[in-house]
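Q: Hey, dropping data.tsv in here, TSV, C-alpha atoms:
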```
chain	number	residue	atom	x	y	z
A	1	MET	CA	-51.07	52.34	64.63
A	2	ARG	CA	-54.69	53.45	64.94
A	3	ILE	CA	-57.54	50.94	65.16
A	4	THR	CA	-61.29	51.11	65.63
A	5	VAL	CA	-62.90	48.39	67.73
A	6	PHE	CA	-66.58	47.49	67.56
A	7	GLY	CA	-67.90	45.40	70.43
A	8	ALA	CA	-65.35	46.91	72.80
A	9	ASN	CA	-67.68	46.35	75.78
A	10	GLY	CA	-67.88	42.60	75.17
A	11	ASP	CA	-65.83	39.94	76.92
A	12	ILE	CA	-63.45	39.58	73.97
A	13	GLY	CA	-63.55	43.26	73.07
A	14	LYS	CA	-62.39	44.37	76.52
A	15	HIS	CA	-59.34	42.10	76.31
A	16	LEU	CA	-58.62	43.36	72.81
A	17	VAL	CA	-58.75	47.03	73.80
A	18	ASN	CA	-56.46	46.45	76.79
A	19	LYS	CA	-53.95	44.52	74.72
A	20	ALA	CA	-53.94	47.11	71.94
A	21	LEU	CA	-53.33	49.93	74.41
A	22	SER	CA	-50.52	47.98	76.09
A	23	LYS	CA	-48.80	47.76	72.70
A	24	GLY	CA	-49.05	51.50	72.16
A	25	PHE	CA	-51.95	51.46	69.68
A	26	TYR	CA	-54.35	54.39	69.51
A	27	VAL	CA	-57.79	52.82	69.99
A	28	LYS	CA	-61.20	54.17	69.08
A	29	ALA	CA	-63.83	52.11	70.89
A	30	TYR	CA	-67.32	52.27	69.41
A	31	VAL	CA	-69.90	51.38	72.07
A	32	ARG	CA	-73.53	51.84	72.95
A	33	ASP	CA	-72.81	52.54	76.64
A	34	PRO	CA	-69.50	54.32	77.36
A	35	ALA	CA	-69.99	53.91	81.12
A	36	LYS	CA	-69.25	50.20	80.75
A	37	ILE	CA	-65.69	50.87	79.60
A	38	GLN	CA	-63.71	51.21	82.80
A	39	ILE	CA	-60.39	51.99	81.15
A	40	SER	CA	-58.52	55.27	81.39
A	41	ASN	CA	-55.79	55.80	78.84
A	42	SER	CA	-54.65	58.78	76.80
A	43	ASN	CA	-54.59	56.56	73.69
A	44	LEU	CA	-58.23	55.54	74.10
A	45	GLU	CA	-61.10	57.42	72.46
A	46	ILE	CA	-64.59	56.24	73.34
A	47	ILE	CA	-67.31	56.88	70.78
A	48	LYS	CA	-70.96	56.38	71.70
A	49	GLY	CA	-73.18	55.15	68.91
A	50	GLU	CA	-75.57	52.57	67.51
A	51	LEU	CA	-74.84	50.04	64.78
A	52	ASN	CA	-77.46	51.62	62.50
A	53	ASP	CA	-75.84	55.08	62.63
A	54	PHE	CA	-73.76	55.12	59.45
A	55	GLN	CA	-72.39	58.65	59.83
A	56	LYS	CA	-71.19	58.04	63.37
A	57	ILE	CA	-69.63	54.70	62.34
A	58	LYS	CA	-67.88	56.46	59.47
A	59	LYS	CA	-66.55	59.10	61.86
A	60	ALA	CA	-65.28	56.37	64.22
A	61	ILE	CA	-63.40	54.65	61.40
A	62	THR	CA	-61.89	57.80	59.89
A	63	ASP	CA	-58.06	57.84	60.03
A	64	SER	CA	-57.82	54.29	61.37
A	65	ASN	CA	-55.37	51.79	59.90
A	66	ALA	CA	-57.58	48.80	60.65
A	67	VAL	CA	-61.03	47.93	61.97
A	68	ILE	CA	-61.79	45.03	64.31
A	69	SER	CA	-65.25	43.73	65.20
A	70	THR	CA	-65.92	41.34	68.06
A	71	LEU	CA	-69.66	41.69	67.57
A	72	GLY	CA	-71.83	38.58	67.44
A	73	PRO	CA	-75.55	37.80	67.20
A	74	PRO	CA	-77.40	37.20	70.49
A	75	LEU	CA	-77.65	33.52	71.39
A	76	LYS	CA	-81.43	33.33	71.27
A	77	TYR	CA	-83.64	30.89	69.40
A	78	LYS	CA	-85.34	33.73	67.56
A	79	TYR	CA	-85.22	37.52	67.58
A	80	LYS	CA	-86.40	40.36	65.37
A	81	GLY	CA	-84.17	42.09	62.88
A	82	HIS	CA	-80.48	41.53	62.17
A	83	PRO	CA	-78.58	44.26	64.06
A	84	ILE	CA	-75.12	42.70	63.80
A	85	LEU	CA	-75.50	42.21	60.05
A	86	ASP	CA	-76.67	45.82	59.69
A	87	GLY	CA	-73.64	46.92	61.68
A	88	HIS	CA	-71.28	44.96	59.44
A	89	LEU	CA	-72.87	46.45	56.33
A	90	ASN	CA	-72.39	49.97	57.70
A	91	ILE	CA	-68.80	49.23	58.73
A	92	ILE	CA	-67.95	47.79	55.30
A	93	HIS	CA	-69.55	50.67	53.40
A	94	ALA	CA	-67.78	53.24	55.59
A	95	MET	CA	-64.43	51.52	55.09
A	96	ILE	CA	-64.89	51.46	51.33
A	97	GLU	CA	-65.78	55.17	51.26
A	98	LEU	CA	-62.74	56.00	53.40
A	99	ASN	CA	-60.40	53.70	51.46
A	100	ILE	CA	-59.50	51.70	54.59
A	101	SER	CA	-58.95	48.05	53.74
A	102	ARG	CA	-57.99	45.95	56.78
A	103	PHE	CA	-61.02	44.39	58.50
A	104	ILE	CA	-60.92	41.62	61.10
A	105	THR	CA	-64.19	40.17	62.37
A	106	LEU	CA	-65.46	37.25	64.42
A	107	ALA	CA	-67.73	34.35	63.45
A	108	THR	CA	-68.19	30.60	63.83
A	109	PRO	CA	-67.54	27.62	61.53
A	110	SER	CA	-71.20	27.87	60.51
A	111	ILE	CA	-69.66	30.02	57.78
A	112	ARG	CA	-68.02	27.63	55.35
A	113	TYR	CA	-64.72	28.40	53.68
A	114	SER	CA	-63.56	27.09	50.32
A	115	LYS	CA	-60.41	25.58	51.87
A	116	ASP	CA	-62.27	23.73	54.65
A	117	GLU	CA	-61.80	19.99	54.88
A	118	ALA	CA	-64.63	17.80	56.16
A	119	SER	CA	-64.27	17.41	59.92
A	120	ILE	CA	-66.16	17.81	63.19
A	121	ALA	CA	-64.86	21.38	63.48
A	122	THR	CA	-66.12	22.44	60.05
A	123	LYS	CA	-69.45	20.59	60.00
A	124	LEU	CA	-70.83	20.04	63.52
A	125	PRO	CA	-71.10	23.69	64.67
A	126	GLY	CA	-73.28	24.60	61.70
A	127	ILE	CA	-75.59	21.62	62.20
A	128	ILE	CA	-76.07	22.40	65.88
A	129	ALA	CA	-76.55	26.13	65.29
A	130	ARG	CA	-79.26	25.57	62.66
A	131	ILE	CA	-81.27	23.55	65.20
A	132	ILE	CA	-80.68	25.43	68.45
A	133	TYR	CA	-80.11	28.99	67.24
A	134	PRO	CA	-81.79	29.43	63.84
A	135	SER	CA	-81.91	33.23	63.92
A	136	PRO	CA	-78.24	33.74	64.91
A	137	TYR	CA	-77.27	31.06	62.38
A	138	LYS	CA	-79.00	32.88	59.53
A	139	GLU	CA	-77.48	36.20	60.56
A	140	ILE	CA	-73.94	34.86	60.88
A	141	ILE	CA	-74.21	33.25	57.43
A	142	GLN	CA	-75.27	36.58	55.93
A	143	ILE	CA	-72.43	38.38	57.73
A	144	GLY	CA	-69.96	35.93	56.21
A	145	LYS	CA	-71.44	36.53	52.77
A	146	VAL	CA	-71.24	40.34	52.84
A	147	VAL	CA	-67.71	40.32	54.25
A	148	GLN	CA	-66.47	37.90	51.59
A	149	GLU	CA	-68.17	39.85	48.82
A	150	SER	CA	-66.43	43.07	49.84
A	151	ASP	CA	-63.13	44.15	48.32
A	152	LEU	CA	-61.58	44.60	51.76
A	153	ASP	CA	-58.52	42.82	53.14
A	154	TRP	CA	-60.73	40.88	55.51
A	155	THR	CA	-60.09	38.06	57.95
A	156	ILE	CA	-62.96	36.15	59.55
A	157	VAL	CA	-61.73	34.53	62.76
A	158	ARG	CA	-63.94	31.51	63.49
A	159	ILE	CA	-64.38	30.25	67.04
A	160	ILE	CA	-66.47	27.51	68.61
A	161	ALA	CA	-66.40	27.52	72.43
A	162	PRO	CA	-64.84	30.62	74.01
A	163	ASN	CA	-64.23	30.56	77.76
A	164	ASN	CA	-62.92	32.85	80.50
A	165	LYS	CA	-59.87	30.81	81.46
A	166	PRO	CA	-56.46	32.55	81.58
A	167	GLU	CA	-54.75	33.01	78.23
A	168	THR	CA	-52.47	30.20	77.09
A	169	LYS	CA	-50.69	31.94	74.18
A	170	ASN	CA	-50.90	28.53	72.53
A	171	ILE	CA	-53.34	29.14	69.69
A	172	LYS	CA	-53.86	26.48	67.04
A	173	VAL	CA	-55.30	27.16	63.60
A	174	SER	CA	-57.27	24.69	61.53
A	175	PHE	CA	-59.41	24.48	58.42
A	176	GLY	CA	-60.53	20.99	59.37
A	177	ASP	CA	-57.12	19.65	58.43
A	178	LYS	CA	-55.76	19.67	62.00
A	179	LYS	CA	-57.33	18.56	65.25
A	180	ILE	CA	-57.90	21.36	67.74
A	181	LYS	CA	-59.75	21.66	71.03
A	182	PHE	CA	-62.93	23.63	70.54
A	183	ASP	CA	-62.61	25.63	73.76
A	184	ILE	CA	-60.31	28.64	73.75
A	185	PRO	CA	-59.84	31.49	76.24
A	186	ARG	CA	-61.34	34.80	75.17
A	187	GLU	CA	-58.03	36.47	75.94
A	188	ASP	CA	-56.31	34.20	73.39
A	189	ILE	CA	-58.97	35.13	70.83
A	190	ALA	CA	-58.27	38.82	71.48
A	191	ASN	CA	-54.54	38.21	71.03
A	192	PHE	CA	-55.06	36.45	67.72
A	193	MET	CA	-57.41	39.11	66.35
A	194	LEU	CA	-55.09	41.94	67.32
A	195	ASN	CA	-52.12	40.19	65.70
A	196	GLN	CA	-54.03	40.13	62.40
A	197	VAL	CA	-53.75	43.92	62.15
A	198	ILE	CA	-50.13	43.41	61.09
A	199	ASP	CA	-49.99	39.73	60.11
A	200	LYS	CA	-50.95	39.14	56.46
A	201	THR	CA	-51.09	35.34	56.70
A	202	TYR	CA	-54.87	35.14	56.84
A	203	ILE	CA	-55.98	37.98	54.59
A	204	GLN	CA	-59.20	36.93	52.85
A	205	SER	CA	-59.16	33.74	54.87
A	206	MET	CA	-61.22	32.20	57.67
A	207	PRO	CA	-59.04	30.43	60.25
A	208	ILE	CA	-60.71	28.32	62.91
A	209	ILE	CA	-58.81	28.86	66.14
A	210	GLY	CA	-58.70	26.65	69.22
A	211	SER	CA	-56.32	25.37	71.83
```
Could you render the structure as structure tokens?

A:
Amino acid sequence: MRITVFGANGDIGKHLVNKALSKGFYVKAYVRDPAKIQISNSNLEIIKGELNDFQKIKKAITDSNAVISTLGPPLKYKYKGHPILDGHLNIIHAMIELNISRFITLATPSIRYSKDEASIATKLPGIIARIIYPSPYKEIIQIGKVVQESDLDWTIVRIIAPNNKPETKNIKVSFGDKKIKFDIPREDIANFMLNQVIDKTYIQSMPIIGS
């Protein structure tokens, strides 16, 4: 199994790369700064590039069975541009050109899903984000829109409060219909996202995960 990981230098991305390699996956890690990846493995290929470089993104995705993005907008009140959205657009277009369908990405419950039931988990994060982080909120909404409008076999994994605690391997999924704790270890998030490469349960779905 060959996968391409965007955001491999991030806190969740690093866990994901390590877990994929431990399972024997061949991993192509697309990063801005290769020096930050302190992993040595014969199944790891590090590709340096920017999110606005379509040709390099296309090269990174070529021959992969699935693409995973742990990219997220910066948590700032306002910022210029929409780099993570641009990156998603380039990833999606490259996947379509290469006829690669499986795409797993990360978001928050600010993105609403048709099967969501009214609850704190499905409503409160969006309300808070609109007030505290208007720029990231707008970008994440647009990311959700372009992913859903694609013809890919996508999964948008929604999280609320990631932390750096040890993994629990006790991940709960909700669409507002079940109570879950908002906080979840980043290592558990990485586990769940990697499992989606094979698991077809949440294709074209947006599970909210917690503990």

Q: Would you be able to write out as a list in words which residues have an atom within 10 Å of (-67.1, 31.5, 75.5) in the file's coordinates, counting all atoms listed in the file?

A: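 Here the neighbourhood of the point contains Asp11, Ile12, Ile159, Ile160, Ala161, Pro162, Asn163, Asn164, Lys165, Asp183, Ile184, Pro185 and Arg186 of chain A.
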
Q: Just want the 9 Å neighbourhood of region 124-135 of chain A, counted on all atoms listed in the file, with same-chain residues fewer than 6 positions away dropped. Output as a PyMOL selection string.

A: chain A and resi 73-80+82+108-112+160

Q: Next, dump the selected residues to file, keeping only C-alpha atoms, as a compact mmCIF listing (two decimals), in the coordinates of the input.

A:
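What landed in result_26.txt:
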```
# COMPACT_ATOMS: atom_id res chain seq x y z
CA PRO A 73 -75.55 37.80 67.20
CA PRO A 74 -77.40 37.20 70.49
CA LEU A 75 -77.65 33.52 71.39
CA LYS A 76 -81.43 33.33 71.27
CA TYR A 77 -83.64 30.89 69.40
CA LYS A 78 -85.34 33.73 67.56
CA TYR A 79 -85.22 37.52 67.58
CA LYS A 80 -86.40 40.36 65.37
CA HIS A 82 -80.48 41.53 62.17
CA THR A 108 -68.19 30.60 63.83
CA PRO A 109 -67.54 27.62 61.53
CA SER A 110 -71.20 27.87 60.51
CA ILE A 111 -69.66 30.02 57.78
CA ARG A 112 -68.02 27.63 55.35
CA ILE A 160 -66.47 27.51 68.61
```

Q: From the list A:Gly144, A:Pro34, A:Gly49, A:Gly210, which residue is nearest Leu89 (chain A) when using all atoms listed in the file?

A: A:Gly144

Q: Can you pull out every residue within 9 Å of Lys58 (chain A), counting all atoms listed in the file, but drop anything in the same chain fewer than 4 positions away, and send it as a list in words?

A: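 Here the qualifying residues turn out to be Asp53, Phe54, Thr62, Asn90, Ile91, His93, Ala94, Met95, Glu97 and Leu98 of chain A.
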
Q: My list of candidates is A:Val31, A:Ile84, A:Asn41, A:Met1. Which is closest to Lys56 (chain A) when distances are computed with all atoms listed in the file?

A: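 Looking at the shortest contact to Lys56 (chain A), the residue is A:Val31.
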
Q: Between CA of Val5 (chain A) and CA of Tyr202 (chain A), what distance in Å does the model show, to one decimal?

A: 18.9 Å

Q: Quick check, in Å to one decimal: how far apart do CA of Thr122 (chain A) and CA of Ile208 (chain A) lie?

A: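 Computing the Euclidean distance for CA of Thr122 (chain A) and CA of Ile208 (chain A) yields 8.5 Å.
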
Q: Using all atoms of region 113-124 of chain A listed in the file and a margin of 5 Å per side, can you give the axis-aligned box centre and edge lengths in Å to one decimal, as lines of an AutoDock Vina configuration file?

A:
```
center_x = -65.6
center_y = 22.9
center_z = 56.9
size_x = 20.4
size_y = 21.0
size_z = 23.2
```

Q: Distance CA of Ile120 (chain A)-CA of Glu187 (chain A), one decimal place?

A: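 It comes out at 24.0 Å.
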
Q: So, counting all atoms listed in the file, which residue among A:Gly176, A:Pro207, A:Pro166, A:Pro136 is closest to His15 (chain A)?

A: A:Pro166

Q: Contacts of Thr155 (chain A) at 12 Å or less, counting only C-alpha atoms, minus same-chain residues fewer than 5 places along, as a PDB file with C-alpha atoms, in the frame of the given file?

A:
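Result written to out-v3.pdb:
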```
ATOM      1  CA  ALA A  66     -57.580  48.800  60.650  1.00  0.00           C
ATOM      2  CA  VAL A  67     -61.030  47.930  61.970  1.00  0.00           C
ATOM      3  CA  ILE A  68     -61.790  45.030  64.310  1.00  0.00           C
ATOM      4  CA  SER A  69     -65.250  43.730  65.200  1.00  0.00           C
ATOM      5  CA  SER A 101     -58.950  48.050  53.740  1.00  0.00           C
ATOM      6  CA  ARG A 102     -57.990  45.950  56.780  1.00  0.00           C
ATOM      7  CA  PHE A 103     -61.020  44.390  58.500  1.00  0.00           C
ATOM      8  CA  ILE A 104     -60.920  41.620  61.100  1.00  0.00           C
ATOM      9  CA  THR A 105     -64.190  40.170  62.370  1.00  0.00           C
ATOM     10  CA  LEU A 106     -65.460  37.250  64.420  1.00  0.00           C
ATOM     11  CA  ALA A 107     -67.730  34.350  63.450  1.00  0.00           C
ATOM     12  CA  TYR A 113     -64.720  28.400  53.680  1.00  0.00           C
ATOM     13  CA  GLY A 144     -69.960  35.930  56.210  1.00  0.00           C
ATOM     14  CA  VAL A 147     -67.710  40.320  54.250  1.00  0.00           C
ATOM     15  CA  GLN A 148     -66.470  37.900  51.590  1.00  0.00           C
ATOM     16  CA  SER A 150     -66.430  43.070  49.840  1.00  0.00           C
ATOM     17  CA  PHE A 192     -55.060  36.450  67.720  1.00  0.00           C
ATOM     18  CA  MET A 193     -57.410  39.110  66.350  1.00  0.00           C
ATOM     19  CA  LEU A 194     -55.090  41.940  67.320  1.00  0.00           C
ATOM     20  CA  ASN A 195     -52.120  40.190  65.700  1.00  0.00           C
ATOM     21  CA  GLN A 196     -54.030  40.130  62.400  1.00  0.00           C
ATOM     22  CA  VAL A 197     -53.750  43.920  62.150  1.00  0.00           C
ATOM     23  CA  ILE A 198     -50.130  43.410  61.090  1.00  0.00           C
ATOM     24  CA  ASP A 199     -49.990  39.730  60.110  1.00  0.00           C
ATOM     25  CA  LYS A 200     -50.950  39.140  56.460  1.00  0.00           C
ATOM     26  CA  THR A 201     -51.090  35.340  56.700  1.00  0.00           C
ATOM     27  CA  TYR A 202     -54.870  35.140  56.840  1.00  0.00           C
ATOM     28  CA  ILE A 203     -55.980  37.980  54.590  1.00  0.00           C
ATOM     29  CA  GLN A 204     -59.200  36.930  52.850  1.00  0.00           C
ATOM     30  CA  SER A 205     -59.160  33.740  54.870  1.00  0.00           C
ATOM     31  CA  MET A 206     -61.220  32.200  57.670  1.00  0.00           C
ATOM     32  CA  PRO A 207     -59.040  30.430  60.250  1.00  0.00           C
ATOM     33  CA  ILE A 208     -60.710  28.320  62.910  1.00  0.00           C
TER      34      ILE A 208
END
```

Q: Which is closer to Ile189 (chain A) than all the others in A:Arg32, A:Lys169, A:Lys48, A:Lys123, using only C-alpha atoms?

A: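 Comparing A:Arg32, A:Lys169, A:Lys48, A:Lys123 against Ile189 (chain A), the winner is A:Lys169.
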
Q: Which residue is closest to Lys36 (chain A)? Choose from A:Arg2, A:Lys59, A:Lys14, A:Lys181 and count only C-alpha atoms.

A: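 Selected residue with least distance to Lys36 (chain A): A:Lys14.
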